[in-house]
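Written below as C-alpha coordinates is the structure these notes are about.
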Amino acid sequence: MNARVVAVRAGVRRGRIEFGQTMTNAGELMGWLWLPVVALVVMYAFGDGTVPGVDFPLGAQAVPGILAMSAVFSGLMGLAMTLTMDREDGTLLRAKATPNGVLAYVIGKVLGKAAMTVAVLVLILVPAMLLFDGLRPGRVSTWVTLAWVLVLGLLAVLPLGAIVGAVFGNTQSLGFVTLLVMGLVVVSGVFYPITALPGWVQWVGQAFPLYWLGLGLRSALLPDAVAAAEIGGSWRQWETVLALGAWAVVGVALASVVLRRMARRESGSSVAARREQVAQRFD
(Lines give C-alpha, C1' and ligand atoms only; values in the text may rest on other atoms or scores of the structure.)
Protein backbone atom coordinates (compact mmCIF):
# COMPACT_ATOMS: atom_id res chain seq x y z
CA MET A 1 0.00 0.00 0.00
CA ASN A 2 1.18 3.52 -0.79
CA ALA A 3 3.07 5.05 2.15
CA ARG A 4 1.08 8.30 1.98
CA VAL A 5 -2.21 6.41 2.10
CA VAL A 6 -0.97 4.62 5.21
CA ALA A 7 0.00 7.98 6.73
CA VAL A 8 -3.41 9.46 5.96
CA ARG A 9 -5.17 6.49 7.56
CA ALA A 10 -2.91 6.77 10.59
CA GLY A 11 -3.69 10.47 10.81
CA VAL A 12 -7.45 9.87 10.66
CA ARG A 13 -7.14 7.23 13.37
CA ARG A 14 -5.04 9.57 15.50
CA GLY A 15 -7.54 12.39 15.07
CA ARG A 16 -10.38 10.11 16.15
CA ILE A 17 -8.48 9.00 19.24
CA GLU A 18 -7.50 12.52 20.25
CA PHE A 19 -11.05 13.75 19.76
CA GLY A 20 -12.30 11.00 22.05
CA GLN A 21 -9.70 11.88 24.66
CA THR A 22 -10.70 15.54 24.58
CA MET A 23 -14.41 14.83 24.91
CA THR A 24 -13.81 12.58 27.92
CA ASN A 25 -11.44 15.03 29.63
CA ALA A 26 -13.72 17.32 31.64
CA GLY A 27 -10.96 19.79 32.47
CA GLU A 28 -9.83 20.28 28.87
CA LEU A 29 -13.39 20.46 27.60
CA MET A 30 -14.35 23.10 30.15
CA GLY A 31 -11.26 25.03 29.16
CA TRP A 32 -12.83 25.60 25.73
CA LEU A 33 -16.39 26.00 26.98
CA TRP A 34 -16.02 28.52 29.77
CA LEU A 35 -15.54 31.66 27.65
CA PRO A 36 -18.56 31.19 25.33
CA VAL A 37 -20.68 30.01 28.29
CA VAL A 38 -19.81 33.17 30.24
CA ALA A 39 -20.58 35.26 27.14
CA LEU A 40 -23.99 33.59 26.77
CA VAL A 41 -24.81 34.13 30.44
CA VAL A 42 -23.86 37.81 30.19
CA MET A 43 -25.95 38.32 27.06
CA TYR A 44 -28.87 36.50 28.67
CA ALA A 45 -28.64 38.70 31.76
CA PHE A 46 -28.04 42.04 30.06
CA GLY A 47 -29.28 41.48 26.49
CA ASP A 48 -32.86 42.66 27.02
CA GLY A 49 -32.48 45.44 24.46
CA THR A 50 -33.23 45.15 20.78
CA VAL A 51 -31.04 45.34 17.70
CA PRO A 52 -30.96 48.97 16.42
CA GLY A 53 -33.58 49.43 13.72
CA VAL A 54 -34.90 45.89 14.15
CA ASP A 55 -37.38 44.58 16.70
CA PHE A 56 -35.25 41.59 17.67
CA PRO A 57 -33.61 40.68 21.01
CA LEU A 58 -29.99 41.74 21.23
CA GLY A 59 -29.09 38.64 23.24
CA ALA A 60 -30.32 36.27 20.55
CA GLN A 61 -28.58 38.34 17.87
CA ALA A 62 -25.26 37.81 19.68
CA VAL A 63 -25.50 33.99 19.82
CA PRO A 64 -24.07 33.34 16.30
CA GLY A 65 -21.20 35.74 16.99
CA ILE A 66 -20.40 33.92 20.23
CA LEU A 67 -20.38 30.64 18.29
CA ALA A 68 -17.97 32.16 15.75
CA MET A 69 -15.74 33.41 18.57
CA SER A 70 -15.71 29.94 20.10
CA ALA A 71 -14.79 28.37 16.74
CA VAL A 72 -11.86 30.73 16.32
CA PHE A 73 -10.56 30.16 19.83
CA SER A 74 -10.97 26.37 19.87
CA GLY A 75 -9.84 25.90 16.27
CA LEU A 76 -7.09 28.46 15.81
CA MET A 77 -5.75 28.69 19.36
CA GLY A 78 -6.40 25.02 20.09
CA LEU A 79 -4.31 23.84 17.15
CA ALA A 80 -1.62 26.46 17.80
CA MET A 81 -1.26 25.43 21.45
CA THR A 82 -1.12 21.74 20.56
CA LEU A 83 1.59 22.23 17.95
CA THR A 84 3.62 24.45 20.28
CA MET A 85 3.42 22.02 23.20
CA ASP A 86 4.26 19.04 21.01
CA ARG A 87 7.34 20.87 19.76
CA GLU A 88 8.39 21.58 23.33
CA ASP A 89 8.06 17.98 24.58
CA GLY A 90 9.52 16.29 21.48
CA THR A 91 6.30 14.71 20.15
CA LEU A 92 6.78 16.30 16.74
CA LEU A 93 10.40 15.18 16.60
CA ARG A 94 9.32 11.60 17.26
CA ALA A 95 6.77 11.89 14.45
CA LYS A 96 9.49 13.16 12.15
CA ALA A 97 11.55 10.03 12.82
CA THR A 98 8.98 7.78 11.08
CA PRO A 99 8.26 7.73 7.32
CA ASN A 100 5.51 10.27 6.55
CA GLY A 101 5.11 10.67 10.30
CA VAL A 102 4.73 14.43 10.11
CA LEU A 103 1.95 14.07 7.52
CA ALA A 104 0.06 11.65 9.79
CA TYR A 105 0.69 13.93 12.77
CA VAL A 106 -0.68 17.05 11.04
CA ILE A 107 -3.72 15.23 9.66
CA GLY A 108 -4.51 13.82 13.08
CA LYS A 109 -4.17 17.18 14.83
CA VAL A 110 -6.25 19.05 12.25
CA LEU A 111 -9.05 16.48 12.20
CA GLY A 112 -9.06 16.16 15.98
CA LYS A 113 -9.32 19.93 16.51
CA ALA A 114 -11.94 20.29 13.76
CA ALA A 115 -14.12 17.63 15.37
CA MET A 116 -13.59 19.16 18.81
CA THR A 117 -14.55 22.61 17.51
CA VAL A 118 -17.79 21.32 16.01
CA ALA A 119 -18.61 19.42 19.22
CA VAL A 120 -18.02 22.53 21.34
CA LEU A 121 -20.30 24.55 19.05
CA VAL A 122 -23.06 21.95 19.43
CA LEU A 123 -22.66 21.98 23.21
CA ILE A 124 -23.08 25.77 23.15
CA LEU A 125 -25.83 25.97 20.54
CA VAL A 126 -28.24 23.49 22.13
CA PRO A 127 -28.69 25.38 25.45
CA ALA A 128 -28.60 28.72 23.59
CA MET A 129 -31.63 27.67 21.57
CA LEU A 130 -33.46 27.00 24.83
CA LEU A 131 -32.40 30.26 26.47
CA PHE A 132 -32.88 32.77 23.66
CA ASP A 133 -36.07 33.46 21.73
CA GLY A 134 -35.86 34.17 18.02
CA LEU A 135 -33.36 31.54 16.87
CA ARG A 136 -34.74 29.33 14.11
CA PRO A 137 -33.39 25.77 14.44
CA GLY A 138 -36.37 24.02 12.85
CA ARG A 139 -35.71 24.90 9.20
CA VAL A 140 -33.76 22.65 6.84
CA SER A 141 -32.08 25.74 5.35
CA THR A 142 -30.70 26.54 8.81
CA TRP A 143 -28.73 23.30 9.00
CA VAL A 144 -27.62 23.45 5.36
CA THR A 145 -26.25 26.96 5.88
CA LEU A 146 -24.67 25.97 9.20
CA ALA A 147 -22.92 23.07 7.47
CA TRP A 148 -21.29 25.04 4.64
CA VAL A 149 -20.43 28.01 6.86
CA LEU A 150 -18.73 25.76 9.42
CA VAL A 151 -16.81 23.86 6.74
CA LEU A 152 -15.54 27.06 5.14
CA GLY A 153 -14.91 28.62 8.56
CA LEU A 154 -12.80 25.69 9.72
CA LEU A 155 -10.87 25.68 6.43
CA ALA A 156 -10.15 29.38 7.00
CA VAL A 157 -9.29 29.15 10.70
CA LEU A 158 -7.39 25.87 11.17
CA PRO A 159 -4.52 26.70 8.76
CA LEU A 160 -3.99 29.93 10.71
CA GLY A 161 -3.69 27.87 13.88
CA ALA A 162 -1.11 25.65 12.20
CA ILE A 163 0.88 28.70 11.08
CA VAL A 164 0.80 30.27 14.55
CA GLY A 165 1.82 26.99 16.18
CA ALA A 166 4.71 26.58 13.74
CA VAL A 167 5.98 30.16 14.06
CA PHE A 168 5.83 30.68 17.82
CA GLY A 169 8.39 28.70 19.77
CA ASN A 170 6.70 28.40 23.17
CA THR A 171 3.28 28.55 24.76
CA GLN A 172 4.00 31.79 26.60
CA SER A 173 4.36 33.68 23.32
CA LEU A 174 0.84 32.61 22.33
CA GLY A 175 -0.52 35.09 24.87
CA PHE A 176 0.17 37.84 22.33
CA VAL A 177 -1.91 36.00 19.71
CA THR A 178 -4.73 35.58 22.23
CA LEU A 179 -4.78 39.35 22.78
CA LEU A 180 -4.99 39.89 19.03
CA VAL A 181 -7.93 37.50 18.77
CA MET A 182 -9.67 39.29 21.64
CA GLY A 183 -9.16 42.55 19.77
CA LEU A 184 -10.78 41.02 16.69
CA VAL A 185 -13.75 39.98 18.84
CA VAL A 186 -14.29 43.64 19.68
CA VAL A 187 -14.21 44.87 16.07
CA SER A 188 -15.99 41.93 14.39
CA GLY A 189 -19.54 42.51 15.60
CA VAL A 190 -19.62 39.51 17.92
CA PHE A 191 -21.74 41.06 20.66
CA TYR A 192 -23.23 44.03 18.82
CA PRO A 193 -23.94 44.81 15.14
CA ILE A 194 -20.78 45.92 13.40
CA THR A 195 -22.71 48.75 11.73
CA ALA A 196 -22.71 50.55 15.09
CA LEU A 197 -18.90 50.86 14.91
CA PRO A 198 -16.95 53.58 13.05
CA GLY A 199 -16.45 53.00 9.35
CA TRP A 200 -12.72 52.31 9.53
CA VAL A 201 -13.29 49.76 12.32
CA GLN A 202 -15.84 48.01 10.11
CA TRP A 203 -13.22 47.66 7.39
CA VAL A 204 -10.73 46.20 9.88
CA GLY A 205 -13.30 43.69 11.09
CA GLN A 206 -14.20 42.61 7.56
CA ALA A 207 -10.55 41.91 6.78
CA PHE A 208 -10.53 38.84 9.05
CA PRO A 209 -12.45 35.54 8.99
CA LEU A 210 -14.08 36.00 12.43
CA TYR A 211 -16.51 38.60 11.07
CA TRP A 212 -17.46 36.49 8.04
CA LEU A 213 -17.89 33.34 10.11
CA GLY A 214 -20.18 35.25 12.47
CA LEU A 215 -22.11 36.73 9.55
CA GLY A 216 -22.61 33.31 7.99
CA LEU A 217 -23.84 31.84 11.27
CA ARG A 218 -26.23 34.77 11.72
CA SER A 219 -27.65 34.12 8.25
CA ALA A 220 -28.32 30.53 9.32
CA LEU A 221 -29.77 31.08 12.77
CA LEU A 222 -31.53 34.46 12.64
CA PRO A 223 -34.64 35.62 10.77
CA ASP A 224 -34.03 37.39 7.46
CA ALA A 225 -35.43 40.63 8.89
CA VAL A 226 -32.39 40.95 11.19
CA ALA A 227 -30.17 41.36 8.10
CA ALA A 228 -31.29 44.99 8.05
CA ALA A 229 -28.77 45.61 10.84
CA GLU A 230 -25.89 44.24 8.75
CA ILE A 231 -23.65 46.07 6.31
CA GLY A 232 -25.61 46.56 3.09
CA GLY A 233 -28.79 45.35 4.78
CA SER A 234 -28.25 41.73 3.69
CA TRP A 235 -26.49 38.54 4.76
CA ARG A 236 -24.03 38.79 1.83
CA GLN A 237 -23.68 35.02 1.56
CA TRP A 238 -21.70 35.11 -1.68
CA GLU A 239 -19.26 37.56 -0.13
CA THR A 240 -19.01 35.22 2.85
CA VAL A 241 -18.12 32.32 0.57
CA LEU A 242 -15.49 34.40 -1.22
CA ALA A 243 -13.96 35.83 1.95
CA LEU A 244 -13.74 32.55 3.86
CA GLY A 245 -12.67 30.71 0.70
CA ALA A 246 -9.86 33.21 0.09
CA TRP A 247 -8.63 32.84 3.68
CA ALA A 248 -8.77 29.05 3.31
CA VAL A 249 -6.76 29.00 0.06
CA VAL A 250 -4.11 31.41 1.31
CA GLY A 251 -3.99 29.74 4.73
CA VAL A 252 -3.54 26.22 3.36
CA ALA A 253 -0.80 27.39 0.96
CA LEU A 254 1.12 29.23 3.69
CA ALA A 255 0.57 26.51 6.29
CA SER A 256 2.03 23.81 4.03
CA VAL A 257 5.19 25.88 3.51
CA VAL A 258 5.54 26.87 7.16
CA LEU A 259 4.90 23.35 8.47
CA ARG A 260 7.49 21.82 6.10
CA ARG A 261 10.03 24.38 7.23
CA MET A 262 9.18 23.73 10.88
CA ALA A 263 9.57 19.96 10.42
CA ARG A 264 12.98 20.37 8.75
CA ARG A 265 14.24 22.51 11.63
CA GLU A 266 13.13 20.13 14.38
CA SER A 267 16.09 18.40 16.02
CA GLY A 268 17.17 17.00 19.34
CA SER A 269 19.07 20.18 20.17
CA SER A 270 16.06 22.43 19.48
CA VAL A 271 13.83 20.26 21.70
CA ALA A 272 16.47 20.32 24.45
CA ALA A 273 16.67 24.12 24.20
CA ARG A 274 12.91 24.46 24.56
CA ARG A 275 12.85 22.10 27.52
CA GLU A 276 15.54 24.18 29.19
CA GLN A 277 13.49 27.33 28.63
CA VAL A 278 10.44 25.64 30.17
CA ALA A 279 12.51 24.49 33.16
CA GLN A 280 13.83 28.02 33.68
CA ARG A 281 10.27 29.38 33.82
CA PHE A 282 9.55 27.12 36.79
CA ASP A 283 12.82 27.78 38.63
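Each chain of the C-alpha coordinates is named A, B, ... in the order shown, its residues numbered from 1; ligands are numbered from 1 in display order.
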message: So that I can check the surroundings of Met81 (chain A), please list as a VMD selection string every protein, DNA and RNA residue that reaches within 12 Å of it, counting only C-alpha atoms and ignoring chain neighbours fewer than 5 positions away.
response: chain A and resid 73 to 76 86 to 88 109 113 158 160 to 175 177 to 178
field: Minimum-distance residue to Gly233 (chain A), chosen among A:Ala114, A:Gly108, A:Ala248, A:Leu215 (using only C-alpha atoms)
entry: A:Leu215
query: Quick one: of A:Pro127, A:Gly49, A:Gly11, A:Gly232, who's nearest to Asn100 (chain A), counting only C-alpha atoms?
result: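 With only C-alpha atoms as the atom set, the closest residue is A:Gly11.
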Nearest to Gly31 (chain A) by atom-to-atom distance, counting only C-alpha atoms, from A:Met77, A:Met262, A:Ile194, A:Leu111: A:Met77
- request: Counting only C-alpha atoms, figure out which residue out of A:Gly65, A:Glu266, A:Arg136, A:Ala39 gets nearest to Ala97 (chain A).
  value: A:Glu266
task: Go through A:Gly214, A:Asn2, A:Trp32, A:Pro209 one by one, measure the shortest atom-to-atom distance of each to Leu146 (chain A) using only C-alpha atoms, and give the residue with the smallest value.
output: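 Residue with the minimum atom-to-atom distance to Leu146 (chain A): A:Gly214.
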From the DSSP assignment of the backbone, select every residue of region 158-215 of chain A that is alpha helix (DSSP H), and format the answer as a PDB file with N, CA and C atoms, in the first residue's frame.
ATOM      1  N   LEU A 158      -8.362  26.878  10.757  1.00  0.00           N
ATOM      2  CA  LEU A 158      -7.392  25.871  11.175  1.00  0.00           C
ATOM      3  C   LEU A 158      -6.002  26.081  10.563  1.00  0.00           C
ATOM      4  N   PRO A 159      -5.873  26.432   9.264  1.00  0.00           N
ATOM      5  CA  PRO A 159      -4.525  26.701   8.756  1.00  0.00           C
ATOM      6  C   PRO A 159      -3.831  27.838   9.492  1.00  0.00           C
ATOM      7  N   LEU A 160      -4.592  28.842   9.930  1.00  0.00           N
ATOM      8  CA  LEU A 160      -3.993  29.930  10.707  1.00  0.00           C
ATOM      9  C   LEU A 160      -3.446  29.405  12.029  1.00  0.00           C
ATOM     10  N   GLY A 161      -4.189  28.468  12.651  1.00  0.00           N
ATOM     11  CA  GLY A 161      -3.690  27.869  13.883  1.00  0.00           C
ATOM     12  C   GLY A 161      -2.405  27.092  13.649  1.00  0.00           C
ATOM     13  N   ALA A 162      -2.324  26.386  12.515  1.00  0.00           N
ATOM     14  CA  ALA A 162      -1.107  25.649  12.198  1.00  0.00           C
ATOM     15  C   ALA A 162       0.067  26.598  11.988  1.00  0.00           C
ATOM     16  N   ILE A 163      -0.187  27.717  11.322  1.00  0.00           N
ATOM     17  CA  ILE A 163       0.876  28.699  11.079  1.00  0.00           C
ATOM     18  C   ILE A 163       1.363  29.292  12.390  1.00  0.00           C
ATOM     19  N   VAL A 164       0.431  29.680  13.252  1.00  0.00           N
ATOM     20  CA  VAL A 164       0.802  30.271  14.547  1.00  0.00           C
ATOM     21  C   VAL A 164       1.590  29.262  15.375  1.00  0.00           C
ATOM     22  N   GLY A 165       1.121  28.003  15.413  1.00  0.00           N
ATOM     23  CA  GLY A 165       1.820  26.993  16.183  1.00  0.00           C
ATOM     24  C   GLY A 165       3.210  26.678  15.644  1.00  0.00           C
ATOM     25  N   ALA A 166       3.404  26.846  14.339  1.00  0.00           N
ATOM     26  CA  ALA A 166       4.710  26.584  13.742  1.00  0.00           C
ATOM     27  C   ALA A 166       5.672  27.754  13.913  1.00  0.00           C
ATOM     28  N   VAL A 167       5.132  28.956  13.991  1.00  0.00           N
ATOM     29  CA  VAL A 167       5.985  30.155  14.061  1.00  0.00           C
ATOM     30  C   VAL A 167       6.427  30.444  15.488  1.00  0.00           C
ATOM     31  N   LEU A 174       2.186  32.636  22.906  1.00  0.00           N
ATOM     32  CA  LEU A 174       0.842  32.605  22.335  1.00  0.00           C
ATOM     33  C   LEU A 174      -0.097  33.593  23.028  1.00  0.00           C
ATOM     34  N   GLY A 175       0.303  34.089  24.193  1.00  0.00           N
ATOM     35  CA  GLY A 175      -0.518  35.090  24.869  1.00  0.00           C
ATOM     36  C   GLY A 175      -0.725  36.319  24.005  1.00  0.00           C
ATOM     37  N   PHE A 176       0.288  36.683  23.236  1.00  0.00           N
ATOM     38  CA  PHE A 176       0.174  37.837  22.335  1.00  0.00           C
ATOM     39  C   PHE A 176      -0.883  37.578  21.265  1.00  0.00           C
ATOM     40  N   VAL A 177      -0.912  36.355  20.734  1.00  0.00           N
ATOM     41  CA  VAL A 177      -1.905  36.005  19.714  1.00  0.00           C
ATOM     42  C   VAL A 177      -3.307  36.027  20.322  1.00  0.00           C
ATOM     43  N   THR A 178      -3.438  35.563  21.559  1.00  0.00           N
ATOM     44  CA  THR A 178      -4.730  35.585  22.233  1.00  0.00           C
ATOM     45  C   THR A 178      -5.254  37.008  22.360  1.00  0.00           C
ATOM     46  N   LEU A 179      -4.364  37.941  22.692  1.00  0.00           N
ATOM     47  CA  LEU A 179      -4.777  39.352  22.784  1.00  0.00           C
ATOM     48  C   LEU A 179      -5.250  39.873  21.434  1.00  0.00           C
ATOM     49  N   LEU A 180      -4.563  39.469  20.369  1.00  0.00           N
ATOM     50  CA  LEU A 180      -4.993  39.895  19.034  1.00  0.00           C
ATOM     51  C   LEU A 180      -6.377  39.352  18.702  1.00  0.00           C
ATOM     52  N   VAL A 181      -6.619  38.089  19.039  1.00  0.00           N
ATOM     53  CA  VAL A 181      -7.933  37.499  18.772  1.00  0.00           C
ATOM     54  C   VAL A 181      -9.007  38.214  19.579  1.00  0.00           C
ATOM     55  N   MET A 182      -8.706  38.554  20.829  1.00  0.00           N
ATOM     56  CA  MET A 182      -9.675  39.288  21.639  1.00  0.00           C
ATOM     57  C   MET A 182      -9.964  40.654  21.024  1.00  0.00           C
ATOM     58  N   GLY A 183      -8.947  41.283  20.461  1.00  0.00           N
ATOM     59  CA  GLY A 183      -9.164  42.550  19.771  1.00  0.00           C
ATOM     60  C   GLY A 183     -10.080  42.385  18.566  1.00  0.00           C
ATOM     61  N   LEU A 184      -9.909  41.284  17.829  1.00  0.00           N
ATOM     62  CA  LEU A 184     -10.784  41.016  16.687  1.00  0.00           C
ATOM     63  C   LEU A 184     -12.225  40.780  17.128  1.00  0.00           C
ATOM     64  N   VAL A 185     -12.400  40.174  18.307  1.00  0.00           N
ATOM     65  CA  VAL A 185     -13.753  39.977  18.836  1.00  0.00           C
ATOM     66  C   VAL A 185     -14.452  41.323  18.999  1.00  0.00           C
ATOM     67  N   VAL A 186     -13.713  42.314  19.441  1.00  0.00           N
ATOM     68  CA  VAL A 186     -14.285  43.642  19.680  1.00  0.00           C
ATOM     69  C   VAL A 186     -14.727  44.302  18.380  1.00  0.00           C
ATOM     70  N   VAL A 187     -13.937  44.132  17.309  1.00  0.00           N
ATOM     71  CA  VAL A 187     -14.210  44.871  16.066  1.00  0.00           C
ATOM     72  C   VAL A 187     -14.959  44.039  15.028  1.00  0.00           C
ATOM     73  N   GLY A 199     -16.668  53.602  10.658  1.00  0.00           N
ATOM     74  CA  GLY A 199     -16.453  53.002   9.346  1.00  0.00           C
ATOM     75  C   GLY A 199     -15.116  52.307   9.208  1.00  0.00           C
ATOM     76  N   TRP A 200     -14.041  52.923   9.702  1.00  0.00           N
ATOM     77  CA  TRP A 200     -12.716  52.309   9.532  1.00  0.00           C
ATOM     78  C   TRP A 200     -12.594  51.033  10.355  1.00  0.00           C
ATOM     79  N   VAL A 201     -13.305  50.976  11.511  1.00  0.00           N
ATOM     80  CA  VAL A 201     -13.294  49.765  12.320  1.00  0.00           C
ATOM     81  C   VAL A 201     -14.042  48.644  11.589  1.00  0.00           C
ATOM     82  N   GLN A 202     -15.120  48.999  10.883  1.00  0.00           N
ATOM     83  CA  GLN A 202     -15.844  48.007  10.112  1.00  0.00           C
ATOM     84  C   GLN A 202     -14.959  47.374   9.047  1.00  0.00           C
ATOM     85  N   TRP A 203     -14.124  48.193   8.402  1.00  0.00           N
ATOM     86  CA  TRP A 203     -13.217  47.664   7.389  1.00  0.00           C
ATOM     87  C   TRP A 203     -12.191  46.725   8.009  1.00  0.00           C
ATOM     88  N   VAL A 204     -11.691  47.078   9.199  1.00  0.00           N
ATOM     89  CA  VAL A 204     -10.734  46.202   9.885  1.00  0.00           C
ATOM     90  C   VAL A 204     -11.391  44.869  10.215  1.00  0.00           C
ATOM     91  N   GLY A 205     -12.608  44.913  10.755  1.00  0.00           N
ATOM     92  CA  GLY A 205     -13.304  43.686  11.094  1.00  0.00           C
ATOM     93  C   GLY A 205     -13.539  42.793   9.890  1.00  0.00           C
ATOM     94  N   GLN A 206     -13.909  43.389   8.764  1.00  0.00           N
ATOM     95  CA  GLN A 206     -14.198  42.609   7.560  1.00  0.00           C
ATOM     96  C   GLN A 206     -12.957  42.008   6.913  1.00  0.00           C
ATOM     97  N   PRO A 209     -11.394  36.551   9.143  1.00  0.00           N
ATOM     98  CA  PRO A 209     -12.454  35.540   8.992  1.00  0.00           C
ATOM     99  C   PRO A 209     -13.472  35.515  10.128  1.00  0.00           C
ATOM    100  N   LEU A 210     -13.133  36.043  11.311  1.00  0.00           N
ATOM    101  CA  LEU A 210     -14.081  35.997  12.427  1.00  0.00           C
ATOM    102  C   LEU A 210     -15.381  36.708  12.071  1.00  0.00           C
ATOM    103  N   TYR A 211     -15.296  37.876  11.446  1.00  0.00           N
ATOM    104  CA  TYR A 211     -16.511  38.596  11.070  1.00  0.00           C
ATOM    105  C   TYR A 211     -17.351  37.778  10.097  1.00  0.00           C
ATOM    106  N   TRP A 212     -16.712  37.213   9.071  1.00  0.00           N
ATOM    107  CA  TRP A 212     -17.456  36.495   8.037  1.00  0.00           C
ATOM    108  C   TRP A 212     -18.047  35.196   8.576  1.00  0.00           C
ATOM    109  N   LEU A 213     -17.349  34.539   9.487  1.00  0.00           N
ATOM    110  CA  LEU A 213     -17.894  33.342  10.113  1.00  0.00           C
ATOM    111  C   LEU A 213     -19.120  33.704  10.941  1.00  0.00           C
ATOM    112  N   GLY A 214     -19.030  34.803  11.701  1.00  0.00           N
ATOM    113  CA  GLY A 214     -20.182  35.247  12.473  1.00  0.00           C
ATOM    114  C   GLY A 214     -21.350  35.641  11.589  1.00  0.00           C
ATOM    115  N   LEU A 215     -21.058  36.330  10.479  1.00  0.00           N
ATOM    116  CA  LEU A 215     -22.114  36.733   9.552  1.00  0.00           C
ATOM    117  C   LEU A 215     -22.802  35.511   8.949  1.00  0.00           C
TER     118      LEU A 215
END
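For the set A:Gly27, A:Leu131, A:Pro137, A:Gly20, the residue with the smallest atom-to-atom gap to Val42 (chain A) is A:Leu131, counting only C-alpha atoms.
Counting from CA of Gly78 (chain A), the distance to CA of Val257 (chain A) is 20.2 Å.
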task: Between CA of Pro193 (chain A) and CA of Ala229 (chain A), measure the distance and give it in Å to one decimal.
output: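 Distance reported for this atom pair: 6.5 Å.
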task: Could you please determine the separation between CA of Ile124 (chain A) and CA of Ile66 (chain A) in Å, to one decimal place?
output: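 For CA of Ile124 (chain A) relative to CA of Ile66 (chain A), the distance reads 9.1 Å.
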For Pro223 (chain A), please output as a PDB file with N, CA and C atoms, in the first residue's frame all residues within 9 Å (counting only C-alpha atoms; exclusion window: fewer than 3 positions along the same chain).
ATOM      1  N   GLY A 134     -36.138  33.571  19.321  1.00  0.00           N
ATOM      2  CA  GLY A 134     -35.865  34.172  18.020  1.00  0.00           C
ATOM      3  C   GLY A 134     -34.971  33.354  17.128  1.00  0.00           C
ATOM      4  N   LEU A 135     -34.191  32.415  17.697  1.00  0.00           N
ATOM      5  CA  LEU A 135     -33.365  31.543  16.870  1.00  0.00           C
ATOM      6  C   LEU A 135     -34.267  30.553  16.143  1.00  0.00           C
ATOM      7  N   ARG A 136     -33.863  30.168  14.935  1.00  0.00           N
ATOM      8  CA  ARG A 136     -34.738  29.328  14.107  1.00  0.00           C
ATOM      9  C   ARG A 136     -34.066  27.994  13.759  1.00  0.00           C
ATOM     10  N   ARG A 218     -25.019  33.964  11.522  1.00  0.00           N
ATOM     11  CA  ARG A 218     -26.233  34.768  11.718  1.00  0.00           C
ATOM     12  C   ARG A 218     -27.229  34.526  10.593  1.00  0.00           C
ATOM     13  N   SER A 219     -26.739  34.374   9.378  1.00  0.00           N
ATOM     14  CA  SER A 219     -27.647  34.117   8.252  1.00  0.00           C
ATOM     15  C   SER A 219     -28.345  32.769   8.401  1.00  0.00           C
ATOM     16  N   ALA A 220     -27.715  31.846   9.111  1.00  0.00           N
ATOM     17  CA  ALA A 220     -28.317  30.529   9.316  1.00  0.00           C
ATOM     18  C   ALA A 220     -29.317  30.523  10.456  1.00  0.00           C
ATOM     19  N   VAL A 226     -33.512  40.441  10.392  1.00  0.00           N
ATOM     20  CA  VAL A 226     -32.393  40.953  11.186  1.00  0.00           C
ATOM     21  C   VAL A 226     -31.244  41.396  10.284  1.00  0.00           C
ATOM     22  N   ALA A 227     -31.227  40.947   9.034  1.00  0.00           N
ATOM     23  CA  ALA A 227     -30.170  41.356   8.102  1.00  0.00           C
ATOM     24  C   ALA A 227     -30.159  42.851   7.873  1.00  0.00           C
TER      25      ALA A 227
END
